[in-house]
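Colleague: Input structure: query.cif, which contains mmCIF, C-alpha atoms.
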```
data_work
loop_
_atom_site.label_atom_id
_atom_site.label_comp_id
_atom_site.auth_asym_id
_atom_site.auth_seq_id
_atom_site.Cartn_x
_atom_site.Cartn_y
_atom_site.Cartn_z
CA MET A 1 125.70 161.56 -92.76
CA VAL A 2 129.36 161.39 -93.76
CA LEU A 3 131.68 163.87 -92.14
CA VAL A 4 135.03 164.08 -93.92
CA GLU A 5 137.72 166.70 -94.28
CA GLN A 6 138.51 165.85 -97.88
CA LYS A 7 136.06 166.37 -100.69
CA PRO A 8 135.10 162.93 -102.05
CA ILE A 9 136.34 161.93 -105.47
CA GLU A 10 133.31 161.50 -107.71
CA ILE A 11 133.11 158.48 -110.01
CA ASP A 12 130.47 157.76 -112.64
CA GLY A 13 129.59 154.10 -112.21
CA SER A 14 128.06 153.90 -115.69
CA TYR A 15 131.48 154.35 -117.31
CA GLY A 16 132.68 151.51 -119.54
CA GLU A 17 130.75 148.29 -118.91
CA GLY A 18 128.75 150.01 -116.18
CA GLY A 19 128.74 146.97 -113.90
CA GLY A 20 130.04 146.01 -110.49
CA GLN A 21 133.75 145.96 -111.39
CA ILE A 22 134.16 149.72 -111.29
CA LEU A 23 132.52 149.72 -107.85
CA ARG A 24 134.86 147.06 -106.40
CA THR A 25 138.00 148.59 -107.90
CA ALA A 26 137.12 152.11 -106.79
CA LEU A 27 136.39 150.95 -103.23
CA ALA A 28 139.66 149.03 -103.00
CA LEU A 29 141.68 152.02 -104.24
CA SER A 30 139.79 154.34 -101.91
CA ALA A 31 140.72 152.14 -98.96
CA ILE A 32 144.37 151.83 -99.97
CA ARG A 33 144.79 155.55 -100.68
CA ARG A 34 142.62 156.63 -97.71
CA LYS A 35 140.64 158.92 -99.99
CA PRO A 36 136.85 159.30 -99.74
CA LEU A 37 134.76 158.81 -102.85
CA THR A 38 131.23 159.08 -104.13
CA ILE A 39 130.08 156.63 -106.78
CA TYR A 40 126.87 157.37 -108.67
CA HIS A 41 124.97 155.56 -111.43
CA ILE A 42 126.08 152.29 -109.82
CA ARG A 43 125.53 149.35 -112.19
CA SER A 44 123.31 151.54 -114.35
CA ASN A 45 123.95 149.37 -117.42
CA ARG A 46 122.50 146.27 -115.79
CA ASN A 47 118.91 145.00 -115.90
CA ASN A 48 118.79 145.27 -112.11
CA PRO A 49 120.78 148.47 -111.44
CA GLY A 50 122.15 149.48 -108.06
CA LEU A 51 123.69 147.45 -105.26
CA GLN A 52 122.69 143.78 -105.27
CA ALA A 53 123.50 141.32 -102.49
CA GLN A 54 127.13 140.64 -103.37
CA HIS A 55 127.87 144.32 -104.06
CA LEU A 56 126.23 145.40 -100.83
CA GLU A 57 128.25 142.85 -98.86
CA ALA A 58 131.46 144.05 -100.52
CA VAL A 59 130.79 147.66 -99.47
CA GLU A 60 129.83 146.67 -95.94
CA ALA A 61 132.83 144.33 -95.61
CA LEU A 62 135.29 146.99 -96.71
CA ALA A 63 133.61 149.56 -94.48
CA ARG A 64 134.15 147.24 -91.52
CA ILE A 65 137.79 146.60 -92.43
CA THR A 66 138.54 150.31 -92.86
CA LYS A 67 136.23 151.81 -90.20
CA ALA A 68 134.70 153.80 -93.03
CA GLN A 69 131.92 156.32 -92.76
CA THR A 70 129.31 155.65 -95.42
CA GLU A 71 126.15 157.08 -96.89
CA GLY A 72 123.53 155.47 -99.13
CA VAL A 73 124.69 151.89 -98.53
CA LYS A 74 121.51 149.85 -98.95
CA PHE A 75 120.09 147.28 -101.33
CA GLY A 76 119.33 148.81 -104.74
CA SER A 77 121.19 152.05 -104.06
CA GLN A 78 122.75 153.68 -107.13
CA ARG A 79 124.75 156.26 -105.20
CA ILE A 80 127.03 155.81 -102.19
CA THR A 81 129.71 157.78 -100.37
CA PHE A 82 132.59 155.90 -98.78
CA ALA A 83 135.18 157.51 -96.47
CA PRO A 84 137.81 155.04 -95.15
CA GLN A 85 139.80 155.80 -92.00
CA GLU A 86 142.42 153.02 -91.69
CA ILE A 87 142.88 149.39 -92.72
CA LEU A 88 142.58 146.90 -89.89
CA PRO A 89 144.07 143.40 -90.31
CA GLY A 90 142.33 140.66 -88.36
CA ASP A 91 139.95 137.72 -88.46
CA TYR A 92 136.83 138.35 -90.54
CA GLN A 93 133.79 136.48 -91.80
CA PHE A 94 131.54 137.79 -94.55
CA GLU A 95 128.51 136.11 -96.07
CA VAL A 96 126.61 136.79 -99.27
CA LYS A 97 123.06 135.75 -98.44
CA THR A 98 122.48 134.41 -101.95
CA ALA A 99 124.65 132.55 -104.46
CA GLY A 100 126.47 135.83 -105.09
CA SER A 101 130.13 135.32 -105.87
CA VAL A 102 132.58 135.31 -102.95
CA THR A 103 135.51 135.79 -105.34
CA LEU A 104 134.01 139.06 -106.58
CA LEU A 105 133.50 140.17 -102.99
CA LEU A 106 137.15 139.33 -102.40
CA GLN A 107 138.21 141.71 -105.17
CA ALA A 108 137.16 144.63 -102.97
CA ILE A 109 138.90 143.55 -99.76
CA PHE A 110 141.94 141.53 -100.88
CA PHE A 111 144.50 144.21 -101.70
CA PRO A 112 143.56 146.49 -98.80
CA LEU A 113 144.16 143.54 -96.44
CA CYS A 114 147.44 142.72 -98.22
CA LEU A 115 148.60 146.26 -97.48
CA SER A 116 147.24 146.42 -93.92
CA GLY A 117 150.55 145.61 -92.25
CA GLY A 118 149.34 142.46 -90.50
CA ILE A 119 148.08 138.93 -91.05
CA SER A 120 144.38 138.50 -91.84
CA ARG A 121 142.24 135.37 -91.85
CA VAL A 122 139.04 135.64 -93.84
CA THR A 123 136.04 133.32 -94.11
CA LEU A 124 133.75 133.94 -97.10
CA ILE A 125 130.35 132.29 -97.50
CA GLY A 126 128.26 132.34 -100.68
CA GLY A 127 128.75 131.28 -104.29
CA THR A 128 132.11 129.67 -105.07
CA HIS A 129 131.35 128.31 -108.56
CA VAL A 130 128.68 130.49 -110.17
CA PRO A 131 128.20 132.03 -113.65
CA TRP A 132 129.78 135.35 -114.66
CA SER A 133 132.49 135.32 -112.01
CA PRO A 134 135.88 133.70 -111.32
CA SER A 135 135.54 130.35 -109.57
CA PHE A 136 137.38 129.37 -106.40
CA HIS A 137 139.73 127.24 -108.48
CA TYR A 138 140.62 130.20 -110.70
CA LEU A 139 141.43 132.09 -107.50
CA SER A 140 143.59 129.31 -106.07
CA GLU A 141 145.23 128.00 -109.27
CA VAL A 142 145.69 131.15 -111.37
CA PHE A 143 145.14 134.41 -109.49
CA LEU A 144 147.07 133.76 -106.27
CA PRO A 145 150.06 132.02 -107.94
CA THR A 146 150.37 134.97 -110.33
CA LEU A 147 150.31 137.46 -107.46
CA GLN A 148 152.94 135.41 -105.63
CA ARG A 149 155.38 136.48 -108.32
CA MET A 150 154.67 140.06 -107.24
CA GLY A 151 155.41 139.37 -103.59
CA VAL A 152 151.85 138.66 -102.43
CA SER A 153 151.50 135.69 -100.08
CA ALA A 154 148.01 134.25 -99.55
CA GLN A 155 146.57 130.76 -99.18
CA ALA A 156 143.00 129.70 -99.93
CA VAL A 157 141.14 126.47 -99.15
CA ILE A 158 137.57 125.45 -99.92
CA GLU A 159 135.47 123.70 -97.28
CA LYS A 160 132.15 123.71 -99.11
CA TRP A 161 131.17 124.42 -102.69
CA GLY A 162 128.48 127.00 -103.45
CA PHE A 163 126.44 126.61 -106.65
CA TYR A 164 123.57 128.68 -108.03
CA PRO A 165 120.91 129.12 -106.73
CA LYS A 166 121.49 127.95 -103.13
CA GLY A 167 125.02 129.22 -102.60
CA GLY A 168 126.26 128.52 -99.09
CA GLY A 169 129.82 127.67 -100.16
CA LYS A 170 132.64 128.37 -97.75
CA ILE A 171 136.26 129.31 -98.36
CA GLN A 172 139.04 130.23 -95.96
CA LEU A 173 141.92 132.57 -96.73
CA LYS A 174 145.07 133.54 -94.92
CA ILE A 175 146.52 136.81 -96.20
CA ASP A 176 150.04 137.80 -95.18
CA PRO A 177 151.15 141.45 -95.21
CA VAL A 178 152.95 142.60 -98.35
CA HIS A 179 156.30 144.23 -97.71
CA GLU A 180 157.17 145.04 -101.31
CA LEU A 181 155.24 144.73 -104.57
CA LYS A 182 157.39 143.59 -107.50
CA PRO A 183 156.51 144.39 -111.11
CA ILE A 184 155.85 141.52 -113.51
CA SER A 185 155.20 141.40 -117.24
CA LEU A 186 152.33 139.35 -118.65
CA ALA A 187 152.55 140.65 -122.21
CA GLU A 188 153.48 137.26 -123.69
CA ARG A 189 151.31 134.16 -123.24
CA GLY A 190 154.20 131.71 -123.54
CA SER A 191 154.07 128.16 -124.91
CA LEU A 192 151.45 125.64 -123.80
CA LYS A 193 153.14 123.06 -121.60
CA LYS A 194 150.34 121.19 -119.90
CA VAL A 195 146.55 121.08 -119.54
CA ARG A 196 144.98 120.23 -116.21
CA GLY A 197 141.35 120.40 -115.15
CA ILE A 198 138.56 119.07 -112.96
CA SER A 199 135.13 117.63 -113.55
CA ALA A 200 133.13 117.98 -110.34
CA ILE A 201 129.57 117.16 -109.29
CA SER A 202 127.48 117.40 -106.17
CA ASN A 203 124.23 115.57 -105.49
CA LEU A 204 124.14 114.20 -109.04
CA PRO A 205 124.81 110.76 -110.58
CA GLU A 206 128.50 109.93 -111.08
CA HIS A 207 128.04 109.40 -114.82
CA VAL A 208 127.47 113.17 -115.21
CA ALA A 209 131.05 113.89 -114.13
CA ASP A 210 132.39 110.99 -116.19
CA ARG A 211 130.68 112.13 -119.40
CA GLN A 212 131.79 115.68 -118.83
CA ARG A 213 135.41 114.59 -118.36
CA LYS A 214 135.43 112.36 -121.46
CA GLN A 215 133.94 115.10 -123.62
CA ALA A 216 136.54 117.61 -122.42
CA LEU A 217 139.40 115.19 -123.10
CA ARG A 218 138.15 114.55 -126.64
CA LYS A 219 137.84 118.25 -127.38
CA ILE A 220 141.30 119.07 -126.01
CA GLN A 221 142.90 116.23 -127.96
CA ARG A 222 141.11 117.22 -131.17
CA GLU A 223 141.79 120.96 -131.01
CA LEU A 224 145.08 121.24 -129.10
CA LYS A 225 146.70 117.93 -130.00
CA ILE A 226 147.86 117.49 -126.42
CA GLU A 227 147.15 115.08 -123.61
CA ALA A 228 145.31 116.47 -120.60
CA GLU A 229 144.89 115.54 -116.95
CA ILE A 230 141.32 115.97 -115.71
CA ALA A 231 140.49 114.88 -112.18
CA THR A 232 136.96 113.69 -111.41
CA LEU A 233 135.43 114.82 -108.13
CA TYR A 234 132.27 113.07 -106.97
CA ASP A 235 129.76 114.15 -104.34
CA ILE A 236 131.59 117.26 -103.25
CA PRO A 237 130.03 119.02 -100.23
CA SER A 238 127.43 121.65 -101.14
CA ASN A 239 123.91 122.80 -100.26
CA GLY A 240 122.37 121.52 -103.46
CA PRO A 241 123.02 119.91 -106.85
CA GLY A 242 125.75 121.38 -108.94
CA VAL A 243 128.29 120.67 -111.65
CA ASP A 244 131.53 122.37 -112.55
CA ALA A 245 134.25 121.84 -115.14
CA GLN A 246 137.40 123.85 -115.65
#
```
Using structure tokens, write down the structure that the file contains.

Modeller:
Amino acid sequence: MVLVEQKPIEIDGSYGEGGGQILRTALALSAIRRKPLTIYHIRSNRNNPGLQAQHLEAVEALARITKAQTEGVKFGSQRITFAPQEILPGDYQFEVKTAGSVTLLLQAIFFPLCLSGGISRVTLIGGTHVPWSPSFHYLSEVFLPTLQRMGVSAQAVIEKWGFYPKGGGKIQLKIDPVHELKPISLAERGSLKKVRGISAISNLPEHVADRQRKQALRKIQRELKIEAEIATLYDIPSNGPGVDAQ
């Protein structure tokens, strides 16, 4: 049972796309603002509604970081109450027991740890390059550099890639405390200056990565009329076969 002085803010999880994003965003804001919340109809617009492995791990991870009192946090639950107490920087390890996305898990805990007042080191284990979620390389090459312009300092390295269905990838992050958030404007895309990418395989013949790279280069040249740099990565460490291009 949750014992809180404030009445929890109630959020309908079926709003909008009715998926996991509203859950992760609401939890992160709850932790930052120190305000309890109740989320109901969690992921009600999905074929498998309620908390799945990666969502459950996100709730439990943030509860640990914030010493939160919780109710209803279990696999398949469509209603939870979350009451954070404080944000604790430190060394953490969280694991999604499937190929669930570690970058989506990170969406729940990243900004609370940025605003915790101390340095945090986080190990995340699970899916690093899986469908329907940002990959590790999007995190490291796009997301974090963009946030750096706002005053956020964080470094991420990958030790092991995690593909569907075996997962088991491993990334390490160091998150420094944010002293001041600066506004930025992303209203204009800007001109295209360069195209870079990777063609990566694990436990597959090398020609798979080569064909993938050549096809990407042809398509970029044909449609964008620009030369591209695409690195080929062979036999990257992972628990099973996998291929990635971005």

Colleague: Apply the PyMOL selection byres ((chain A and resi 41-56) around 9) to the file shown and report the selected residues as a PyMOL selection string.

Modeller: chain A and resi 11-15+17-24+39-40+57-61+73-80+95-102+104-105+126

Colleague: Quote the spacing between atom CA of Ile87 of chain A and atom CA of Ser133 of chain A in Å to one decimal place.

Modeller: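 Atom CA of Ser133 of chain A lies 26.0 Å from atom CA of Ile87 of chain A.
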
Colleague: Show which residues sit within 10 Å of segment 139-150 of chain A, as a ChimeraX atom specification. Count all atoms listed in the file, and ignore same-chain residues fewer than 5 positions away.

Modeller: /A:103,106,128,134,155-158,178,180-184,186

Colleague: Choose the residue, out of A:Ser191, A:Ser135, A:Gln107, A:Gln6, that has the smallest atom-to-atom separation from Phe82 of chain A; count only C-alpha atoms.

Modeller: A:Gln6

Colleague: What is the atom CA of Lys166 of chain A to atom CA of Phe136 of chain A distance in Å?

Modeller: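 Result for atom CA of Lys166 of chain A versus atom CA of Phe136 of chain A: 16.3 Å, one decimal.
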
Colleague: Looking at all atoms listed in the file, which of A:Thr25, A:Thr123, A:Thr232, A:Thr66 is the one that sits closest to Gly169 of chain A?

Modeller: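 Between A:Thr25, A:Thr123, A:Thr232, A:Thr66, the residue approaching Gly169 of chain A most closely is A:Thr123.
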
Colleague: Find, counting all atoms listed in the file, the residue in A:Gly168, A:Pro36, A:Gly190, A:Pro237 that gets nearest to Gln85 of chain A.

Modeller: A:Pro36

Colleague: Record the distance separating atom CA of Asp176 of chain A and atom CA of Ile65 of chain A, expressed in Å with one decimal.

Modeller: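 Between atom CA of Asp176 of chain A and atom CA of Ile65 of chain A the gap is 15.3 Å.
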
Colleague: For Glu227 of chain A, list every protein, DNA or RNA residue within 8 Å, evaluated using all atoms listed in the file, and leave out those in the same chain fewer than 5 positions away; present the list as JSON, numbers by chain.

Modeller: {"A": [194, 195, 217, 220, 221]}
